[in-house]
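Encoded as structure tokens, the structure appears first; notes follow it.
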Amino acid sequence: MSETPSGERRTGLLNGFAAYGMWGLVPLFWPLLKPAGAAEILAHRMVWSLAFVIVALLFVRRWAWAGELLRQPRRLGLVVIAAAVITVNWGVYIWAVNSGHVVEASLGYFINPLVTIAMGVLLLKERLRPAQWAAVGTGLASVVVLTIGYGQPPWISLCLAFSFATYGLVKKKVNLGGVESLAAETAVQFLPALGYLLWLGAHGDATFATGGAGHAALLASTGLVTALPLVCFGAAAIRVPLSTLGLLQYLAPVFQFLLGVVYFHESMPAERWAGFALVWLALSLLTWDGLRAARRSARARAALLTASRAGAGSAVVERGAEAVPAAGSGAVEPQG
């Protein structure tokens, strides 16, 4: 299998940095939408995201997936579940940022990989390597320490982590591309969101029409803020290895954490520093183990490729005094 050209890899890395950078800096955006409440912002995000992805799909002319999805009730049901779960995730995140809990929200995305692994064990009966068990155990210890520090469990972090891990699990089973998946999910969200906005308007509580043109434009741009990072992520995912994406994913919570501490000046007593230190230790273990497993897999594939070449080169067919190489003596791409 040919390697990705360096130019393509560079493009993929730039898109990866752009995607996770935008996700990391999005806490700067939600406060701009005040005085709109979290529920109104969420509803606008659903409505305008659908409008944006429809324009994107019209541009690239990708519609075949929609007909296939409508003919598969099980996948359609999973899309509805994904839409419900991501609604919870978006709503809690917007409320957390605009209520002064950016640091706790960032913790949710730090512990999300650990929750995903735990769900794999509990729901999919996956087997973990010792380092992964150590990472999960360290993550649990961090939650205990943070519970002591906050005086209660970090509910915002846990809600964000579990909702996003569930969303990832469901999306894996639906198996749709990023833009297509967002289109399907926001199509499910659209009517309830639009109905809520109309209800707000009827009661005189909507800020879209009363907050001025600039405020209305900002609310409409929630669709762009939602979809643009997904487009960049999709461009990165096809150009860089998954191990690289796995490392890039930590950029978003790192940026969010730094914004919470440095820009929003949220409190970080010693107990929270200790809890975050345990989370970062768990993620370091997880990353080290993932990179080691990736290197072993790469060595195994290289060994298989070498063996395949050697076997094909030595397999000859005797035709009288002439030896002819057997068919398939070229390079063999290892499978799996």
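In the structure tokens, chains take letters A, B, ... by order of appearance, with residues numbered from 1 within each chain and ligands from 1 in the order shown.
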Counting only C-alpha atoms, which residues of stretch 42-109 of chain A fall within 10 Å of stretch 266-272 of chain A, and what is the closest atom pair for each with its distance in Å at one decimal, ordered by chain and rising number, as a Markdown table?
| residue | atom | partner | partner_atom | distance |
| --- | --- | --- | --- | --- |
| A:Gly100 | CA | A:Glu266 | CA | 7.3 |
| A:His101 | CA | A:Glu266 | CA | 7.6 |
| A:Val102 | CA | A:Glu266 | CA | 7.9 |
| A:Val103 | CA | A:Glu266 | CA | 7.2 |
| A:Glu104 | CA | A:Arg272 | CA | 9.7 |
For the selection you just gave me, I'd like the residues written to a file as a short mmCIF file (atom, residue, chain, number, x, y, z; two decimals), in the first residue's frame, keeping all heavy atoms.
data_model
loop_
_atom_site.label_atom_id
_atom_site.label_comp_id
_atom_site.auth_asym_id
_atom_site.auth_seq_id
_atom_site.Cartn_x
_atom_site.Cartn_y
_atom_site.Cartn_z
N GLY A 100 -20.06 29.69 33.63
CA GLY A 100 -18.78 29.78 34.32
C GLY A 100 -18.17 28.45 34.73
O GLY A 100 -17.47 28.39 35.75
N HIS A 101 -18.43 27.39 33.95
CA HIS A 101 -17.89 26.07 34.27
C HIS A 101 -17.06 25.53 33.10
O HIS A 101 -17.18 24.36 32.72
CB HIS A 101 -19.02 25.09 34.60
CG HIS A 101 -19.84 25.48 35.79
ND1 HIS A 101 -19.40 25.32 37.08
CD2 HIS A 101 -21.07 26.05 35.86
CE1 HIS A 101 -20.32 25.76 37.92
NE2 HIS A 101 -21.35 26.21 37.21
N VAL A 102 -16.22 26.37 32.52
CA VAL A 102 -15.43 25.96 31.36
C VAL A 102 -14.42 24.88 31.74
O VAL A 102 -14.22 23.90 31.01
CB VAL A 102 -14.71 27.18 30.74
CG1 VAL A 102 -13.80 26.74 29.59
CG2 VAL A 102 -15.72 28.20 30.25
N VAL A 103 -13.78 25.02 32.90
CA VAL A 103 -12.78 24.04 33.33
C VAL A 103 -13.43 22.67 33.53
O VAL A 103 -12.90 21.64 33.09
CB VAL A 103 -12.09 24.50 34.63
CG1 VAL A 103 -11.27 23.37 35.25
CG2 VAL A 103 -11.19 25.70 34.35
N GLU A 104 -14.59 22.66 34.19
CA GLU A 104 -15.28 21.38 34.41
C GLU A 104 -15.74 20.78 33.09
O GLU A 104 -15.73 19.56 32.91
CB GLU A 104 -16.46 21.58 35.35
CG GLU A 104 -17.03 20.27 35.88
CD GLU A 104 -18.12 20.46 36.92
OE1 GLU A 104 -18.28 21.59 37.42
OE2 GLU A 104 -18.81 19.47 37.22
#
What are the closest atom pairs, with distances in Å to one decimal, for all residues of stretch 204-276 of chain A lying within 12 Å of stretch 168-182 of chain A? Consider only C-alpha atoms, order rows by chain and residue number, and present the result as a tab-separated table.
residue	atom	partner	partner_atom	distance
A:Gly223	CA	A:Leu182	CA	10.6
A:Thr226	CA	A:Leu182	CA	9.2
A:Ala227	CA	A:Val179	CA	7.4
A:Leu228	CA	A:Val179	CA	9.5
A:Pro229	CA	A:Gly178	CA	10.0
A:Leu230	CA	A:Gly178	CA	6.2
A:Val231	CA	A:Val179	CA	6.8
A:Cys232	CA	A:Gly178	CA	9.9
A:Phe233	CA	A:Gly178	CA	8.2
A:Gly234	CA	A:Gly178	CA	6.4
A:Ala235	CA	A:Gly178	CA	10.0
A:Ala236	CA	A:Gly178	CA	11.6
A:Ala237	CA	A:Gly178	CA	10.2
A:Ile238	CA	A:Gly177	CA	11.2
Shell around stretch 204-208 of chain A at 12 Å using only C-alpha atoms, local window under 6 positions removed, as a list of chain:residue names:
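Final neighbour list, sorted by chain and number: A:Leu33, A:Lys34, A:Pro35, A:Ala36, A:Gly37, A:Ala38, A:Ala39, A:Glu40, A:Ile41, A:Ala43, A:His44, A:Leu194, A:Tyr196, A:Leu197, A:Leu198, A:Gly214, A:His215, A:Ala216, A:Ala217, A:Leu218, A:Leu219, A:Ala220.
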I need the residue nearest A:Val85 from this list: A:Leu160, A:Leu69, A:Ala277, A:Leu124. Use only C-alpha atoms for the distance.
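Among A:Leu160, A:Leu69, A:Ala277, A:Leu124, it is A:Leu160 that comes nearest to A:Val85.
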Straight-line distance linking atom CA of A:Glu185 with atom CA of A:Gly260, stated in Å to one decimal:
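Between these atoms lies a distance of 29.6 Å.
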Set the distance at 10 Å and use only C-alpha atoms: which residues neighbour A:Arg239 once local chain neighbours fewer than 2 positions away are removed? I'd like the list as a PyMOL selection string.
chain A and resi 4-13+15-16+234-237+241-242
From stretch 191-268 of chain A, collect each residue whose DSSP state is alpha helix (DSSP H) and return the set as a count of residues only.
51
Any idea what the distance is between atom CA of A:Val136 and atom CA of A:Leu114?
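Separation between atom CA of A:Val136 and atom CA of A:Leu114: 5.8 Å.
Closest approach to A:Trp63 from the set A:Val115, A:Ala184, A:Ser157, A:Ser49 is made by A:Ala184, with distances taken over only C-alpha atoms.
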